Structures are given as structure tokens and as C-alpha cells.
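Asks: One file is attached below, upload.cif, containing mmCIF, C-alpha atoms.
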```
data_run
#
loop_
_atom_site.group_PDB
_atom_site.id
_atom_site.type_symbol
_atom_site.label_atom_id
_atom_site.label_comp_id
_atom_site.auth_asym_id
_atom_site.auth_seq_id
_atom_site.Cartn_x
_atom_site.Cartn_y
_atom_site.Cartn_z
ATOM 1 C CA MET G 100 -65.229 37.632 -2.656
ATOM 2 C CA VAL G 101 -62.350 37.006 -0.238
ATOM 3 C CA MET G 102 -59.985 34.060 -0.786
ATOM 4 C CA TRP G 103 -58.050 32.302 1.971
ATOM 5 C CA VAL G 104 -55.077 29.943 1.474
ATOM 6 C CA PHE G 105 -53.691 27.671 4.212
ATOM 7 C CA GLY G 106 -49.986 26.896 4.344
ATOM 8 C CA TYR G 107 -48.518 24.104 6.472
ATOM 9 C CA GLY G 108 -45.047 23.857 4.882
ATOM 10 C CA SER G 109 -42.933 26.504 3.164
ATOM 11 C CA LEU G 110 -45.966 28.766 2.703
ATOM 12 C CA ILE G 111 -45.718 29.484 6.449
ATOM 13 C CA TRP G 112 -42.441 31.386 6.077
ATOM 14 C CA LYS G 113 -42.426 32.186 2.349
ATOM 15 C CA PRO G 114 -45.874 32.763 0.859
ATOM 16 C CA GLY G 115 -44.610 34.357 -2.360
ATOM 17 C CA PHE G 116 -47.816 36.272 -3.151
ATOM 18 C CA ASN G 117 -49.566 39.437 -1.977
ATOM 19 C CA TYR G 118 -52.029 39.067 0.879
ATOM 20 C CA ASP G 119 -54.056 41.448 3.029
ATOM 21 C CA ASP G 120 -53.942 39.627 6.330
ATOM 22 C CA ARG G 121 -52.802 36.348 7.824
ATOM 23 C CA LEU G 122 -54.001 34.177 10.652
ATOM 24 C CA PHE G 123 -52.075 31.575 12.583
ATOM 25 C CA GLY G 124 -54.407 28.675 13.178
ATOM 26 C CA PHE G 125 -55.104 25.011 12.645
ATOM 27 C CA ILE G 126 -57.224 22.670 10.616
ATOM 28 C CA LYS G 127 -58.840 19.589 12.114
ATOM 29 C CA GLY G 128 -58.654 15.977 10.984
ATOM 30 C CA TYR G 129 -55.189 16.203 9.400
ATOM 31 C CA ARG G 130 -51.579 15.805 10.423
ATOM 32 C CA ARG G 131 -48.442 17.091 8.688
ATOM 33 C CA VAL G 132 -46.187 14.302 7.331
ATOM 34 C CA PHE G 133 -43.025 14.245 5.195
ATOM 35 C CA TYR G 134 -44.449 11.756 2.699
ATOM 36 C CA GLN G 135 -44.461 13.926 -0.446
ATOM 37 C CA GLY G 136 -41.543 13.676 -2.840
ATOM 38 C CA SER G 137 -40.099 16.860 -4.316
ATOM 39 C CA THR G 138 -38.416 16.510 -7.704
ATOM 40 C CA ASP G 139 -38.775 20.161 -8.709
ATOM 41 C CA HIS G 140 -37.848 22.233 -5.620
ATOM 42 C CA ARG G 141 -35.989 20.294 -2.904
ATOM 43 C CA GLY G 142 -34.781 17.311 -4.897
ATOM 44 C CA THR G 143 -34.429 15.942 -8.416
ATOM 45 C CA PRO G 144 -36.142 13.134 -10.340
ATOM 46 C CA GLU G 145 -33.007 11.036 -9.693
ATOM 47 C CA PHE G 146 -32.951 11.835 -5.961
ATOM 48 C CA PRO G 147 -36.252 13.273 -4.685
ATOM 49 C CA GLY G 148 -36.398 15.374 -1.563
ATOM 50 C CA ARG G 149 -39.206 15.053 0.966
ATOM 51 C CA THR G 150 -41.648 17.832 1.754
ATOM 52 C CA ALA G 151 -44.703 18.074 3.949
ATOM 53 C CA THR G 152 -48.159 16.987 2.924
ATOM 54 C CA LEU G 153 -51.324 16.351 4.893
ATOM 55 C CA GLU G 154 -52.619 12.968 5.937
ATOM 56 C CA PRO G 155 -56.158 12.481 7.216
ATOM 57 C CA ALA G 156 -55.933 11.722 10.933
ATOM 58 C CA GLU G 157 -58.985 11.491 13.182
ATOM 59 C CA GLY G 158 -58.708 13.739 16.234
ATOM 60 C CA GLU G 159 -55.477 15.423 15.055
ATOM 61 C CA VAL G 160 -54.871 19.057 14.127
ATOM 62 C CA CYS G 161 -52.309 20.702 11.868
ATOM 63 C CA TRP G 162 -51.141 24.213 12.691
ATOM 64 C CA GLY G 163 -50.138 26.629 9.958
ATOM 65 C CA MET G 164 -50.712 30.046 8.454
ATOM 66 C CA ALA G 165 -53.783 31.180 6.522
ATOM 67 C CA TYR G 166 -53.524 34.096 4.119
ATOM 68 C CA LYS G 167 -56.414 36.403 3.235
ATOM 69 C CA ILE G 168 -56.396 37.731 -0.316
ATOM 70 C CA THR G 169 -59.055 40.341 -1.036
ATOM 71 C CA LYS G 170 -58.334 41.931 -4.430
ATOM 72 C CA LYS G 171 -59.423 39.916 -7.464
ATOM 73 C CA GLU G 172 -56.158 40.665 -9.260
ATOM 74 C CA ASP G 173 -54.103 39.470 -6.266
ATOM 75 C CA GLN G 174 -56.222 36.310 -6.096
ATOM 76 C CA GLU G 175 -55.589 35.525 -9.767
ATOM 77 C CA VAL G 176 -51.845 36.140 -9.412
ATOM 78 C CA ALA G 177 -51.706 34.014 -6.218
ATOM 79 C CA LEU G 178 -53.601 31.112 -7.815
ATOM 80 C CA THR G 179 -51.422 31.182 -10.945
ATOM 81 C CA TYR G 180 -48.317 31.235 -8.744
ATOM 82 C CA LEU G 181 -49.579 28.446 -6.466
ATOM 83 C CA GLU G 182 -50.571 26.222 -9.399
ATOM 84 C CA VAL G 183 -46.900 26.240 -10.444
ATOM 85 C CA ARG G 184 -45.364 26.126 -6.967
ATOM 86 C CA GLU G 185 -47.689 23.377 -5.717
ATOM 87 C CA LYS G 186 -47.935 21.459 -9.002
ATOM 88 C CA GLN G 187 -46.722 18.223 -7.441
ATOM 89 C CA TYR G 188 -49.666 18.319 -5.028
ATOM 90 C CA ASP G 189 -52.615 16.673 -6.777
ATOM 91 C CA GLN G 190 -55.528 17.667 -4.534
ATOM 92 C CA LYS G 191 -57.105 20.905 -3.427
ATOM 93 C CA ALA G 192 -59.415 20.937 -0.443
ATOM 94 C CA TYR G 193 -61.447 23.626 1.264
ATOM 95 C CA VAL G 194 -61.162 23.417 5.020
ATOM 96 C CA ASP G 195 -62.222 25.207 8.184
ATOM 97 C CA LEU G 196 -59.560 27.205 10.011
ATOM 98 C CA PHE G 197 -59.651 27.468 13.789
ATOM 99 C CA THR G 198 -57.576 29.846 15.884
ATOM 100 C CA ASP G 199 -58.830 28.834 19.328
ATOM 101 C CA PRO G 200 -58.555 25.185 20.451
ATOM 102 C CA ALA G 201 -61.711 25.633 22.578
ATOM 103 C CA ALA G 202 -63.815 26.989 19.691
ATOM 104 C CA SER G 203 -66.486 24.866 18.077
ATOM 105 C CA VAL G 204 -67.046 27.381 15.274
ATOM 106 C CA PRO G 205 -64.199 28.027 12.795
ATOM 107 C CA ALA G 206 -62.602 31.460 12.485
ATOM 108 C CA VAL G 207 -62.740 31.076 8.687
ATOM 109 C CA SER G 208 -64.430 28.512 6.430
ATOM 110 C CA GLY G 209 -63.598 27.578 2.852
ATOM 111 C CA VAL G 210 -59.819 27.943 3.172
ATOM 112 C CA LEU G 211 -57.926 26.504 0.177
ATOM 113 C CA VAL G 212 -55.195 23.969 0.912
ATOM 114 C CA TYR G 213 -53.006 21.912 -1.421
ATOM 115 C CA ILE G 214 -52.463 18.233 -0.540
ATOM 116 C CA GLY G 215 -50.280 15.516 -2.034
ATOM 117 C CA SER G 216 -52.482 12.437 -1.910
ATOM 118 C CA PRO G 217 -51.219 8.868 -1.446
ATOM 119 C CA ASP G 218 -52.742 7.841 -4.806
ATOM 120 C CA LYS G 219 -49.685 6.975 -6.929
ATOM 121 C CA LYS G 220 -51.841 6.966 -10.105
ATOM 122 C CA VAL G 221 -52.358 10.732 -9.855
ATOM 123 C CA ASN G 222 -49.496 11.710 -7.522
ATOM 124 C CA GLU G 223 -46.386 10.076 -8.928
ATOM 125 C CA ASN G 224 -44.198 11.919 -6.389
ATOM 126 C CA TYR G 225 -45.865 10.450 -3.310
ATOM 127 C CA LEU G 226 -43.165 8.601 -1.343
ATOM 128 C CA GLY G 227 -45.283 7.504 1.586
ATOM 129 C CA PRO G 228 -44.457 6.546 5.148
ATOM 130 C CA ALA G 229 -40.961 5.573 6.204
ATOM 131 C CA SER G 230 -39.033 5.495 9.457
ATOM 132 C CA ILE G 231 -37.773 8.778 10.917
ATOM 133 C CA GLU G 232 -34.239 7.576 10.102
ATOM 134 C CA GLU G 233 -35.068 6.887 6.437
ATOM 135 C CA ILE G 234 -36.899 10.198 5.988
ATOM 136 C CA ALA G 235 -34.050 12.099 7.690
ATOM 137 C CA SER G 236 -31.390 10.363 5.599
ATOM 138 C CA GLN G 237 -33.170 11.328 2.399
ATOM 139 C CA ILE G 238 -33.698 14.934 3.559
ATOM 140 C CA ALA G 239 -30.063 15.276 4.686
ATOM 141 C CA ARG G 240 -28.801 14.362 1.195
ATOM 142 C CA ALA G 241 -31.407 15.735 -1.232
ATOM 143 C CA GLU G 242 -30.958 19.048 -3.011
ATOM 144 C CA GLY G 243 -32.908 20.728 -5.784
ATOM 145 C CA PRO G 244 -33.329 24.054 -7.598
ATOM 146 C CA SER G 245 -34.761 25.683 -4.436
ATOM 147 C CA GLY G 246 -31.811 24.494 -2.337
ATOM 148 C CA PRO G 247 -31.001 21.696 0.099
ATOM 149 C CA ASN G 248 -33.976 19.711 1.381
ATOM 150 C CA ARG G 249 -32.707 20.127 4.949
ATOM 151 C CA ASP G 250 -33.132 23.929 4.639
ATOM 152 C CA TYR G 251 -36.855 23.386 3.982
ATOM 153 C CA LEU G 252 -37.095 21.184 7.089
ATOM 154 C CA PHE G 253 -35.110 23.538 9.337
ATOM 155 C CA GLN G 254 -37.043 26.611 8.113
ATOM 156 C CA LEU G 255 -40.330 24.844 8.854
ATOM 157 C CA GLU G 256 -39.124 23.820 12.322
ATOM 158 C CA LYS G 257 -37.966 27.406 13.028
ATOM 159 C CA ALA G 258 -41.180 29.001 11.703
ATOM 160 C CA LEU G 259 -43.347 26.689 13.811
ATOM 161 C CA GLY G 260 -41.165 27.402 16.852
ATOM 162 C CA LEU G 261 -41.479 31.172 16.377
ATOM 163 C CA LEU G 262 -45.249 30.687 16.295
ATOM 164 C CA GLY G 263 -45.119 28.707 19.560
ATOM 165 C CA CYS G 264 -46.063 25.454 17.901
ATOM 166 C CA GLU G 265 -44.164 22.194 18.109
ATOM 167 C CA ASP G 266 -44.855 19.434 15.632
ATOM 168 C CA LYS G 267 -43.286 16.204 16.925
ATOM 169 C CA HIS G 268 -42.945 14.705 13.426
ATOM 170 C CA VAL G 269 -41.049 17.793 12.213
ATOM 171 C CA SER G 270 -38.838 18.071 15.317
ATOM 172 C CA ASP G 271 -38.018 14.329 15.372
ATOM 173 C CA ILE G 272 -36.921 14.418 11.730
ATOM 174 C CA ALA G 273 -34.933 17.661 12.243
ATOM 175 C CA LYS G 274 -33.149 16.147 15.245
ATOM 176 C CA GLU G 275 -32.208 13.055 13.210
ATOM 177 C CA VAL G 276 -31.014 15.162 10.233
ATOM 178 C CA ARG G 277 -28.775 17.152 12.603
ATOM 179 C CA ARG G 278 -27.381 13.889 13.996
ATOM 180 C CA ILE G 279 -26.627 12.611 10.467
ATOM 181 C CA LEU G 280 -24.973 15.901 9.461
ATOM 182 C CA SER G 281 -22.849 16.036 12.635
ATOM 183 C CA GLU G 282 -21.683 12.439 12.054
ATOM 184 C CA GLU G 283 -20.729 13.331 8.472
ATOM 185 C CA GLU G 284 -18.719 16.309 9.755
ATOM 186 C CA VAL G 285 -16.854 14.041 12.188
ATOM 187 C CA THR G 286 -16.132 11.565 9.368
ATOM 188 C CA ILE G 287 -14.821 14.345 7.087
ATOM 189 C CA SER G 288 -12.587 15.778 9.845
#
```
Mind turning this structure into C-alpha cells?
Replies:
Amino acid sequence: MVMWVFGYGSLIWKPGFNYDDRLFGFIKGYRRVFYQGSTDHRGTPEFPGRTATLEPAEGEVCWGMAYKITKKEDQEVALTYLEVREKQYDQKAYVDLFTDPAASVPAVSGVLVYIGSPDKKVNENYLGPASIEEIASQIARAEGPSGPNRDYLFQLEKALGLLGCEDKHVSDIAKEVRRILSEEEVTIS
């Protein structure tokens, strides 16, 4: 049986597992938001970074990359890897992937996606909504074992751009982080 995994954050540019094929597409009824705290990759418990999660949103779509994994061994390795990498995301969902905005039938059904829910009882790293300025300030300063939080943001913005997709939430935050960083450079000079 074939397994599909949908990435809407760092999985777009760095899957980290073997796959047989990939499809650029979107899922319906969700939007990408920087509401998930990262204390293990892009921040620390003392100063969490912010990474993307999905928020239910009627009429919205979230573009990303879906990976097809055919071999059973590759599936097991990918799931083991993802359970560690995505451990701060408390929900798994199976969604429909569309590649054509005009299509009423999905290109692939039953695509696995990891989501950080807003339920603080089970997702202690959920940070929730904040202004673009607050989110950007946190991202500009946070750093963890996987590197600066801003690198995650800029890589996501670049990957989406290369795919011909603009996400206003991502680009607004990236623009504000660049403004903060340029002001800090002026202050240091």
C-alpha cells in the first residue's frame, strides 16, 4: 500500500526521508500559521521559536508538497523519522490533496499531515495567534539546535516562491523579520 505525506513547512524543502515521487498541491479547509512553538529545533524551552502549523479555515487552501512512499521499508523509516521530527505536533490527519484549483476530485486521498493543535493540554508548545510584529520579533531572535528560527522562515518563503506560490502570512512575517534585522544592523553600526 502506498503512503503519502504532506509537508507545509520545512518538509517542503527538506523532507529527510526516501520517497518515490512528489506532488506540489494544496489541501482545503486549512491555512498555514506561525502559531506552533519550537523548543527542540528552532528555539529552546527558555526562548521558543515559531514554526508553521495548520489552522482550520473555511474556504482557505494551504499549498505544500506531498511525498509518495511506496516501499514498506521506506514507509517504516519515514514514519519513525517523522515521529521524532514532528514530535511537538500532537495531531495527525488524513487529508485530500488537490493539484488543480478547478478540480472537484482530489489527486490523492488519505495523505498524512502533522498538525500542532491549539489544545494546550496536549500541545504544550502551542503559542497561538499574535500580531505580525510579535511573531516576527520572536522569529528574529530565536535559535535552536537546527539553527536560527529566521532561517526556517526564509527557507519556507523561498521554497514557496520557487513553486510559484505566495502565502501572505509567510511573506508578511518575513518582511517584518527583515525590517527588524536591518534595524539591528543599523544600531550595531
Asks: For stretch 176-183 of chain G, list every protein, DNA or RNA residue within 12 Å, evaluated using all atoms listed in the file, and leave out those in the same chain fewer than 2 positions away; present the list as number ranges by chain.
Replies: G: 102-106, 109-110, 113-118, 139-140, 166-174, 185-191, 211-213
Asks: Using all atoms listed in the file, can you tell me which of G:Ala156, G:Ala165, G:Ile231, G:Ala151 comes closest to G:Asp271?
Replies: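 Answer, going by the shortest atom-to-atom distance: G:Ile231.
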Asks: Rank G:Lys127, G:Pro144, G:Met100, G:Phe133 by their smallest atom-to-atom distance to G:Ile238, using only C-alpha atoms, and report the top residue only.
Replies: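 Closest candidate: G:Phe133.
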Asks: So that I can check the surroundings of G:Ala206, please list as a ChimeraX atom specification every protein, DNA and RNA residue that reaches within 12 Å of it, counting all atoms listed in the file and ignoring chain neighbours fewer than 5 positions away.
Replies: /G:103,121-126,165,194-201
Asks: Determine the residue set returned by the PyMOL selection byres ((chain G and resi 247) around 12) for the present structure, and present it as a ChimeraX atom specification.
Replies: /G:137-143,146-150,237-246,248-254
Asks: What does the structure give for the distance between atom CA of G:Val160 and atom CA of G:Glu175, in Å to one decimal?
Replies: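 For atom CA of G:Val160 relative to atom CA of G:Glu175, the distance reads 29.0 Å.
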Asks: For a test of reading the model, state the distance in Å between atom CA of G:Glu275 and atom CA of G:Asn224, rounded to one decimal.
Replies: 23.0 Å
Asks: For the structure provided, state which residues fall under the PyMOL selection byres ((chain G and resi 260-264) around 12), and present them as a PyMOL selection string.
Replies: chain G and resi 107+111-112+122-125+160-164+253-259+265-267+269-270
Asks: Rank G:Ile214, G:Arg130, G:Ser208, G:Ile272 by their smallest atom-to-atom distance to G:Ala235, using only C-alpha atoms, and report the top residue only.
Replies: G:Ile272
Asks: Given all atoms listed in the file as the basis, pick out the residue of G:Glu154, G:Glu284, G:Glu159, G:Lys274 nearest to G:Pro217.
Replies: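 Under the stated criterion, the closest residue is G:Glu154.
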Asks: Go ahead and compute the interatomic distance for atom CA of G:Glu282 and atom CA of G:Ile234, in Å to one decimal.
Replies: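 Rounded to one decimal, the two atoms are 16.5 Å apart.
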